[in-house]
Structures are given as C-alpha cells and as structure tokens.
file coords03.pdb (PDB, C-alpha atoms, pLDDT in the B column)
ATOM      1  CA  MET A  76      11.673   2.797 -19.098  1.00 36.00           C
ATOM      2  CA  SER A  77      11.231  -0.281 -16.959  1.00 41.00           C
ATOM      3  CA  ALA A  78      13.921  -2.471 -15.511  1.00 42.00           C
ATOM      4  CA  PRO A  79      14.579  -5.931 -16.948  1.00 43.00           C
ATOM      5  CA  GLU A  80      12.416  -8.838 -15.792  1.00 50.00           C
ATOM      6  CA  GLY A  81      13.641 -10.293 -12.524  1.00 61.00           C
ATOM      7  CA  ALA A  82      15.510  -7.173 -11.452  1.00 83.00           C
ATOM      8  CA  ALA A  83      16.217  -6.920  -7.742  1.00 87.00           C
ATOM      9  CA  PRO A  84      17.696  -4.351  -5.384  1.00 90.00           C
ATOM     10  CA  ALA A  85      21.468  -4.762  -5.293  1.00 90.00           C
ATOM     11  CA  SER A  86      21.826  -3.796  -1.635  1.00 92.00           C
ATOM     12  CA  PRO A  87      20.008  -2.511   1.434  1.00 94.00           C
ATOM     13  CA  ALA A  88      21.125   0.975   0.349  1.00 95.00           C
ATOM     14  CA  ALA A  89      19.248   0.507  -2.940  1.00 95.00           C
ATOM     15  CA  LEU A  90      16.154  -0.469  -0.949  1.00 95.00           C
ATOM     16  CA  PHE A  91      16.519   2.625   1.240  1.00 96.00           C
ATOM     17  CA  GLY A  92      16.843   4.863  -1.813  1.00 94.00           C
ATOM     18  CA  ALA A  93      13.871   3.381  -3.651  1.00 94.00           C
ATOM     19  CA  PHE A  94      11.534   3.462  -0.650  1.00 95.00           C
ATOM     20  CA  ASN A  95      12.705   6.965   0.279  1.00 94.00           C
ATOM     21  CA  ARG A  96      12.032   8.175  -3.257  1.00 92.00           C
ATOM     22  CA  LEU A  97       8.545   6.685  -3.337  1.00 90.00           C
ATOM     23  CA  ALA A  98       7.738   8.045   0.132  1.00 90.00           C
ATOM     24  CA  LEU A  99       8.628  11.557  -1.004  1.00 89.00           C
ATOM     25  CA  GLN A 100       6.268  11.254  -3.990  1.00 87.00           C
ATOM     26  CA  GLY A 101       3.291   9.862  -2.089  1.00 74.00           C
ATOM     27  CA  PHE A 102       1.470  12.779  -0.548  1.00 68.00           C
ATOM     28  CA  GLY A 103      -1.903  11.533   0.680  1.00 63.00           C
ATOM     29  CA  GLY A 104      -1.245   7.928  -0.261  1.00 72.00           C
ATOM     30  CA  VAL A 105       1.911   6.150  -1.267  1.00 85.00           C
ATOM     31  CA  LEU A 106       0.481   2.859  -2.590  1.00 85.00           C
ATOM     32  CA  PRO A 107      -0.069   4.093  -6.172  1.00 85.00           C
ATOM     33  CA  VAL A 108       3.489   5.416  -6.182  1.00 88.00           C
ATOM     34  CA  ALA A 109       4.827   2.186  -4.674  1.00 91.00           C
ATOM     35  CA  GLN A 110       3.137   0.130  -7.364  1.00 91.00           C
ATOM     36  CA  ARG A 111       4.524   2.376 -10.108  1.00 90.00           C
ATOM     37  CA  GLU A 112       8.055   2.460  -8.648  1.00 91.00           C
ATOM     38  CA  LEU A 113       8.415  -1.200  -7.637  1.00 94.00           C
ATOM     39  CA  CYS A 114       6.587  -2.780 -10.582  1.00 93.00           C
ATOM     40  CA  GLU A 115       6.858  -0.439 -13.543  1.00 91.00           C
ATOM     41  CA  ARG A 116       9.957   1.697 -13.040  1.00 92.00           C
ATOM     42  CA  LEU A 117      12.311  -0.639 -11.156  1.00 93.00           C
ATOM     43  CA  GLY A 118      10.784  -3.960 -12.214  1.00 93.00           C
ATOM     44  CA  TRP A 119      11.471  -5.512  -8.815  1.00 95.00           C
ATOM     45  CA  LEU A 120       7.953  -6.967  -8.590  1.00 94.00           C
ATOM     46  CA  THR A 121       5.243  -8.057 -10.996  1.00 92.00           C
ATOM     47  CA  ARG A 122       1.701  -6.788 -10.415  1.00 89.00           C
ATOM     48  CA  GLU A 123       0.768 -10.183  -9.034  1.00 90.00           C
ATOM     49  CA  GLN A 124       3.692 -10.173  -6.597  1.00 92.00           C
ATOM     50  CA  PHE A 125       2.822  -6.631  -5.537  1.00 94.00           C
ATOM     51  CA  LEU A 126      -0.790  -7.678  -4.905  1.00 91.00           C
ATOM     52  CA  GLU A 127       0.356 -10.639  -2.804  1.00 91.00           C
ATOM     53  CA  LEU A 128       2.650  -8.444  -0.693  1.00 94.00           C
ATOM     54  CA  LEU A 129      -0.043  -5.783  -0.364  1.00 92.00           C
ATOM     55  CA  ALA A 130      -2.627  -8.359   0.748  1.00 90.00           C
ATOM     56  CA  LEU A 131      -0.265  -9.598   3.449  1.00 92.00           C
ATOM     57  CA  ALA A 132       0.716  -6.053   4.451  1.00 92.00           C
ATOM     58  CA  GLN A 133      -2.935  -5.052   4.838  1.00 88.00           C
ATOM     59  CA  VAL A 134      -3.856  -7.811   7.269  1.00 86.00           C
ATOM     60  CA  LEU A 135      -0.900  -7.078   9.550  1.00 88.00           C
ATOM     61  CA  PRO A 136      -1.157  -4.295  12.111  1.00 88.00           C
ATOM     62  CA  GLY A 137       0.457  -1.019  11.115  1.00 87.00           C
ATOM     63  CA  PRO A 138       0.667   1.109   7.972  1.00 88.00           C
ATOM     64  CA  ASN A 139       0.377  -0.929   4.773  1.00 91.00           C
ATOM     65  CA  ILE A 140       3.370   0.635   3.051  1.00 92.00           C
ATOM     66  CA  VAL A 141       5.631   0.131   6.080  1.00 94.00           C
ATOM     67  CA  ASN A 142       4.558  -3.509   6.308  1.00 95.00           C
ATOM     68  CA  LEU A 143       5.146  -3.949   2.576  1.00 96.00           C
ATOM     69  CA  ALA A 144       8.602  -2.358   2.852  1.00 96.00           C
ATOM     70  CA  LEU A 145       9.517  -4.601   5.797  1.00 96.00           C
ATOM     71  CA  ILE A 146       8.356  -7.787   4.074  1.00 96.00           C
ATOM     72  CA  TYR A 147       9.998  -6.988   0.743  1.00 96.00           C
ATOM     73  CA  GLY A 148      13.225  -5.765   2.343  1.00 96.00           C
ATOM     74  CA  ASP A 149      13.437  -8.925   4.434  1.00 96.00           C
ATOM     75  CA  ARG A 150      12.844 -11.157   1.422  1.00 94.00           C
ATOM     76  CA  ARG A 151      15.646  -9.465  -0.533  1.00 94.00           C
ATOM     77  CA  HIS A 152      18.306  -8.698   2.086  1.00 95.00           C
ATOM     78  CA  GLY A 153      17.173 -10.138   5.410  1.00 95.00           C
ATOM     79  CA  TRP A 154      16.833  -7.969   8.487  1.00 96.00           C
ATOM     80  CA  ARG A 155      19.204  -5.357   7.036  1.00 96.00           C
ATOM     81  CA  GLY A 156      16.979  -5.001   3.981  1.00 96.00           C
ATOM     82  CA  ALA A 157      13.872  -4.783   6.159  1.00 96.00           C
ATOM     83  CA  ALA A 158      15.440  -2.058   8.284  1.00 96.00           C
ATOM     84  CA  ALA A 159      16.698  -0.142   5.236  1.00 96.00           C
ATOM     85  CA  ALA A 160      13.349  -0.282   3.419  1.00 96.00           C
ATOM     86  CA  ALA A 161      11.408   0.752   6.539  1.00 95.00           C
ATOM     87  CA  ALA A 162      13.842   3.587   7.251  1.00 96.00           C
ATOM     88  CA  GLY A 163      13.571   4.706   3.642  1.00 95.00           C
ATOM     89  CA  VAL A 164       9.806   4.882   3.740  1.00 94.00           C
ATOM     90  CA  LEU A 165       9.695   6.627   7.151  1.00 93.00           C
ATOM     91  CA  ALA A 166      12.681   9.004   7.453  1.00 93.00           C
ATOM     92  CA  ALA A 167      11.813  11.876   5.100  1.00 90.00           C
ATOM     93  CA  PRO A 168       8.039  11.835   5.755  1.00 87.00           C
ATOM     94  CA  LEU A 169       8.690  11.931   9.505  1.00 90.00           C
ATOM     95  CA  ALA A 170      10.854  15.039   9.140  1.00 90.00           C
ATOM     96  CA  ILE A 171       8.306  16.697   6.846  1.00 88.00           C
ATOM     97  CA  VAL A 172       5.340  15.911   9.099  1.00 84.00           C
ATOM     98  CA  LEU A 173       7.136  17.220  12.179  1.00 91.00           C
ATOM     99  CA  ALA A 174       7.974  20.454  10.360  1.00 91.00           C
ATOM    100  CA  LEU A 175       4.401  20.819   9.079  1.00 82.00           C
ATOM    101  CA  ALA A 176       2.978  20.124  12.543  1.00 83.00           C
ATOM    102  CA  LEU A 177       5.024  22.991  13.932  1.00 87.00           C
ATOM    103  CA  LEU A 178       3.830  25.208  11.094  1.00 84.00           C
ATOM    104  CA  ALA A 179       0.184  24.149  11.509  1.00 76.00           C
ATOM    105  CA  GLN A 180       0.383  24.958  15.191  1.00 80.00           C
ATOM    106  CA  GLN A 181       1.245  28.532  14.252  1.00 82.00           C
ATOM    107  CA  PHE A 182      -1.769  28.838  11.894  1.00 78.00           C
ATOM    108  CA  GLN A 183      -4.366  26.645  13.634  1.00 71.00           C
ATOM    109  CA  HIS A 184      -6.678  29.604  14.192  1.00 79.00           C
ATOM    110  CA  VAL A 185      -7.032  30.292  10.428  1.00 79.00           C
ATOM    111  CA  SER A 186     -10.263  28.662   9.164  1.00 80.00           C
ATOM    112  CA  ARG A 187      -8.934  28.273   5.595  1.00 83.00           C
ATOM    113  CA  VAL A 188      -6.247  25.894   6.823  1.00 75.00           C
ATOM    114  CA  GLY A 189      -8.910  23.507   8.177  1.00 73.00           C
ATOM    115  CA  ASP A 190     -10.936  23.841   4.966  1.00 79.00           C
ATOM    116  CA  ALA A 191      -7.903  22.993   2.857  1.00 77.00           C
ATOM    117  CA  LEU A 192      -7.143  19.895   4.934  1.00 70.00           C
ATOM    118  CA  ARG A 193     -10.738  18.669   4.619  1.00 74.00           C
ATOM    119  CA  GLY A 194     -10.556  19.139   0.847  1.00 78.00           C
ATOM    120  CA  MET A 195      -7.558  16.842   0.708  1.00 74.00           C
ATOM    121  CA  GLY A 196      -9.856  13.960   1.735  1.00 71.00           C
ATOM    122  CA  VAL A 197     -11.201  13.888  -1.826  1.00 75.00           C
ATOM    123  CA  VAL A 198      -7.677  13.588  -3.179  1.00 76.00           C
ATOM    124  CA  ALA A 199      -6.918  10.713  -0.791  1.00 72.00           C
ATOM    125  CA  ALA A 200     -10.057   8.846  -1.900  1.00 73.00           C
ATOM    126  CA  GLY A 201      -9.046   9.336  -5.531  1.00 78.00           C
ATOM    127  CA  LEU A 202      -5.594   7.890  -4.848  1.00 74.00           C
ATOM    128  CA  VAL A 203      -7.102   4.781  -3.252  1.00 74.00           C
ATOM    129  CA  LEU A 204      -9.444   4.317  -6.225  1.00 79.00           C
ATOM    130  CA  SER A 205      -6.627   4.815  -8.751  1.00 78.00           C
ATOM    131  CA  THR A 206      -4.534   2.155  -6.991  1.00 74.00           C
ATOM    132  CA  ALA A 207      -7.420  -0.307  -7.102  1.00 77.00           C
ATOM    133  CA  LEU A 208      -7.954   0.300 -10.810  1.00 80.00           C
ATOM    134  CA  ARG A 209      -4.240  -0.054 -11.638  1.00 76.00           C
ATOM    135  CA  LEU A 210      -4.000  -3.342  -9.751  1.00 75.00           C
ATOM    136  CA  LEU A 211      -7.148  -4.804 -11.305  1.00 78.00           C
ATOM    137  CA  GLY A 212      -5.103  -6.456 -14.059  1.00 77.00           C
ATOM    138  CA  GLY A 213      -3.148  -8.383 -11.442  1.00 73.00           C
ATOM    139  CA  LEU A 214      -6.304 -10.281 -10.473  1.00 77.00           C
ATOM    140  CA  ARG A 215      -6.373 -12.045 -13.830  1.00 77.00           C
ATOM    141  CA  ARG A 216      -4.571 -15.088 -12.434  1.00 78.00           C
ATOM    142  CA  ASN A 217      -6.055 -14.895  -8.936  1.00 82.00           C
ATOM    143  CA  ALA A 218      -7.374 -18.247  -7.710  1.00 83.00           C
ATOM    144  CA  LEU A 219     -10.748 -16.697  -6.871  1.00 87.00           C
ATOM    145  CA  GLY A 220     -11.319 -15.184 -10.312  1.00 85.00           C
ATOM    146  CA  ARG A 221     -12.544 -11.684 -11.034  1.00 84.00           C
ATOM    147  CA  PRO A 222     -16.259 -12.199 -10.234  1.00 88.00           C
ATOM    148  CA  ILE A 223     -15.571 -13.527  -6.736  1.00 90.00           C
ATOM    149  CA  CYS A 224     -12.919 -10.841  -6.157  1.00 87.00           C
ATOM    150  CA  ALA A 225     -15.480  -8.214  -7.219  1.00 86.00           C
ATOM    151  CA  ALA A 226     -17.996  -9.712  -4.796  1.00 91.00           C
ATOM    152  CA  TYR A 227     -15.482  -9.435  -1.956  1.00 91.00           C
ATOM    153  CA  VAL A 228     -14.749  -5.815  -2.891  1.00 86.00           C
ATOM    154  CA  GLY A 229     -18.486  -5.094  -2.891  1.00 90.00           C
ATOM    155  CA  LEU A 230     -19.026  -6.836   0.449  1.00 93.00           C
ATOM    156  CA  THR A 231     -16.125  -4.946   2.009  1.00 89.00           C
ATOM    157  CA  ALA A 232     -17.345  -1.599   0.693  1.00 87.00           C
ATOM    158  CA  ALA A 233     -20.915  -2.307   1.820  1.00 91.00           C
ATOM    159  CA  THR A 234     -20.055  -3.499   5.309  1.00 92.00           C
ATOM    160  CA  VAL A 235     -17.516  -0.782   6.089  1.00 87.00           C
ATOM    161  CA  GLY A 236     -18.819   2.133   3.994  1.00 86.00           C
ATOM    162  CA  TRP A 237     -22.572   1.674   4.146  1.00 89.00           C
ATOM    163  CA  LEU A 238     -23.251  -0.401   7.268  1.00 91.00           C
ATOM    164  CA  HIS A 239     -20.363   1.218   9.201  1.00 90.00           C
ATOM    165  CA  TRP A 240     -19.197  -2.085  10.661  1.00 91.00           C
ATOM    166  CA  PRO A 241     -15.811  -1.944  12.411  1.00 90.00           C
ATOM    167  CA  LEU A 242     -12.903  -2.587  10.070  1.00 84.00           C
ATOM    168  CA  LEU A 243     -11.194  -5.304  12.131  1.00 85.00           C
ATOM    169  CA  PRO A 244     -14.094  -7.813  12.149  1.00 91.00           C
ATOM    170  CA  VAL A 245     -14.769  -7.149   8.457  1.00 90.00           C
ATOM    171  CA  VAL A 246     -11.129  -7.710   7.495  1.00 85.00           C
ATOM    172  CA  LEU A 247     -10.895 -10.806   9.670  1.00 88.00           C
ATOM    173  CA  GLY A 248     -14.201 -12.277   8.494  1.00 92.00           C
ATOM    174  CA  LEU A 249     -13.908 -11.551   4.805  1.00 92.00           C
ATOM    175  CA  GLY A 250     -10.139 -12.012   4.758  1.00 87.00           C
ATOM    176  CA  VAL A 251     -10.252 -15.440   6.384  1.00 90.00           C
ATOM    177  CA  SER A 252     -13.119 -16.569   4.155  1.00 92.00           C
ATOM    178  CA  ALA A 253     -11.350 -15.317   1.002  1.00 90.00           C
ATOM    179  CA  PHE A 254      -8.131 -17.026   2.090  1.00 87.00           C
ATOM    180  CA  ALA A 255      -9.947 -20.305   2.758  1.00 90.00           C
ATOM    181  CA  LEU A 256     -11.793 -20.138  -0.553  1.00 91.00           C
ATOM    182  CA  ALA A 257      -8.595 -19.349  -2.485  1.00 87.00           C
ATOM    183  CA  LEU A 258      -6.810 -22.200  -0.720  1.00 86.00           C
ATOM    184  CA  ALA A 259      -9.644 -24.609  -1.578  1.00 89.00           C
ATOM    185  CA  ARG A 260      -9.544 -23.539  -5.241  1.00 87.00           C
ATOM    186  CA  GLN A 261      -5.778 -24.058  -5.619  1.00 83.00           C
ATOM    187  CA  PRO A 262      -4.765 -27.088  -7.654  1.00 79.00           C
ATOM    188  CA  ARG A 263      -3.404 -29.878  -5.491  1.00 73.00           C
TER     189      ARG A 263
END
call {"tool": "encode", "arguments": {"input": "coords03.pdb", "output": "structure tokens"}}
result
Amino acid sequence: MSAPEGAAPASPAALFGAFNRLALQGFGGVLPVAQRELCERLGWLTREQFLELLALAQVLPGPNIVNLALIYGDRRHGWRGAAAAAAGVLAAPLAIVLALALLAQQFQHVSRVGDALRGMGVVAAGLVLSTALRLLGGLRRNALGRPICAAYVGLTAATVGWLHWPLLPVVLGLGVSAFALALARQPR
C-alpha cells in the first residue's frame, strides 16, 4: 500500500527510521530498495524526483545513497534532516560491517569464504540492472527523451565497461554534455 500523493516525512526521526530501514534491506546495493521505499511504499518521491536526486547524488563525491539521503533530508528538514537521514543510512550497516570484518578475519584462510564473496558480484550486478529497469519509466518526461538517454547509457557502458576508461572523466564528459543538452532542450 503506498502513501498518499505528496506525503512527506513528518520529522527528522521519520527520516532516520526510513533510511535505517532501507539500509538494513539493501545487502549488495541499496538503490533498488531506496526507490521502492521512498517512491512506492512511503510516497515521499515520484520516480522522476527520485531520478533527479539520484542523478545529483551520483555526480557528487561519496556513496550515492548517502548523498541522496543528505540532499533529501536537507530539502525536508534542513541540516537536522540531512544528519538524521545520513545517520539512518549509515548506523546499522556500519555496525554490521565491523562485526563481519572481525568474523572474516577469523576465517580468512578458508578458500570457500573468498569464493562466496566473489559470487556475490553477480548479485550486485543484478541489483544495479534491476534498479535501471525500474527507473526506466521515469525517463518518459526527461528533456532528452528515451532515445538520447539510451545513447548516453550505451556510451557510458562502452567507455567504462569495454574501453576501460576511468570513471571520473567519463562521468564529467558525458554528464556535462547531457546536462548542457537537457538545458538547451528545456522550454524557455
């Protein structure tokens, strides 16, 4: 059941709770969970709004979900909201990762542990792909249109995945050109 249109977090504590809940569900990648929680379950964002925040979060340094939490928290409840959302997304995973690191240290000599961790790479790739597919509908009203967006996706995948170009120049080059093109295509 989704929240009513235009719903918003009532307080920084609500932001902390929502981001903490999504962080605890997002093993290997939290963006699909964030989209489901923030857009579908809570109704705090539309797909288009989520895409806009995600685009901004991805070009800033740092983890995408932390950037998204900071931006959204700030927009809703100022610096207190930003701090609450960031703490929500980081607190429980930090505790879990520290505990698992101590455990992994005890079993680092077991070859099956390394094999299992490498196998999780496939799961992570699947999560990224599922997020892209779920957000595809949000591009309907994008100023660039689906064909140009698809071309940018293809160029990004080719330059980073096939040509092995460094991520920073690709993001800067393609990101700036996409931004400029979208700006030029906006109605005056």
call {"tool": "atom_distance", "arguments": {"input": "coords03.pdb", "atom1": "atom CA of A:Leu202", "atom2": "atom CA of A:Ala179"}}
result
23.8 Å
call {"tool": "resolve_selection", "arguments": {"input": "coords03.pdb", "expression": "the PyMOL selection byres ((chain A and resi 213-226) around 6)", "output": "compact mmCIF listing (two decimals) with C-alpha atoms, keeping the file's coordinate frame"}}
result
# COMPACT_ATOMS: atom_id res chain seq x y z
CA ARG A 122 1.70 -6.79 -10.42
CA GLU A 123 0.77 -10.18 -9.03
CA LEU A 210 -4.00 -3.34 -9.75
CA LEU A 211 -7.15 -4.80 -11.30
CA GLY A 212 -5.10 -6.46 -14.06
CA TYR A 227 -15.48 -9.44 -1.96
CA VAL A 228 -14.75 -5.82 -2.89
CA GLY A 229 -18.49 -5.09 -2.89
CA ALA A 257 -8.60 -19.35 -2.48
call {"tool": "closest_atom_pairs", "arguments": {"input": "coords03.pdb", "of": "stretch 97-149 of chain A", "to": "stretch 159-162 of chain A", "cutoff": "6 Å", "atoms": "all atoms listed in the file", "output": "JSON lines"}}
result
{"residue": "A:Val141", "atom": "CA", "partner": "A:Ala161", "partner_atom": "CA", "distance": 5.8}
{"residue": "A:Ala144", "atom": "CA", "partner": "A:Ala160", "partner_atom": "CA", "distance": 5.2}
{"residue": "A:Leu145", "atom": "CA", "partner": "A:Ala161", "partner_atom": "CA", "distance": 5.7}
{"residue": "A:Gly148", "atom": "CA", "partner": "A:Ala160", "partner_atom": "CA", "distance": 5.6}
call {"tool": "atom_distance", "arguments": {"input": "coords03.pdb", "atom1": "atom CA of A:Arg263", "atom2": "atom CA of A:Leu230"}}
result
28.5 Å
call {"tool": "closest_residue", "arguments": {"input": "coords03.pdb", "among": "A:Gln100, A:Val245, A:His239, A:Arg260", "to": "A:Pro168", "atoms": "only C-alpha atoms"}}
result
A:Gln100
call {"tool": "residues_around", "arguments": {"input": "coords03.pdb", "residues": "A:Thr234", "least_positions_apart": "6", "cutoff": "12 Å", "atoms": "all atoms listed in the file", "output": "ChimeraX atom specification"}}
result
/A:227-228,240-246,248-249
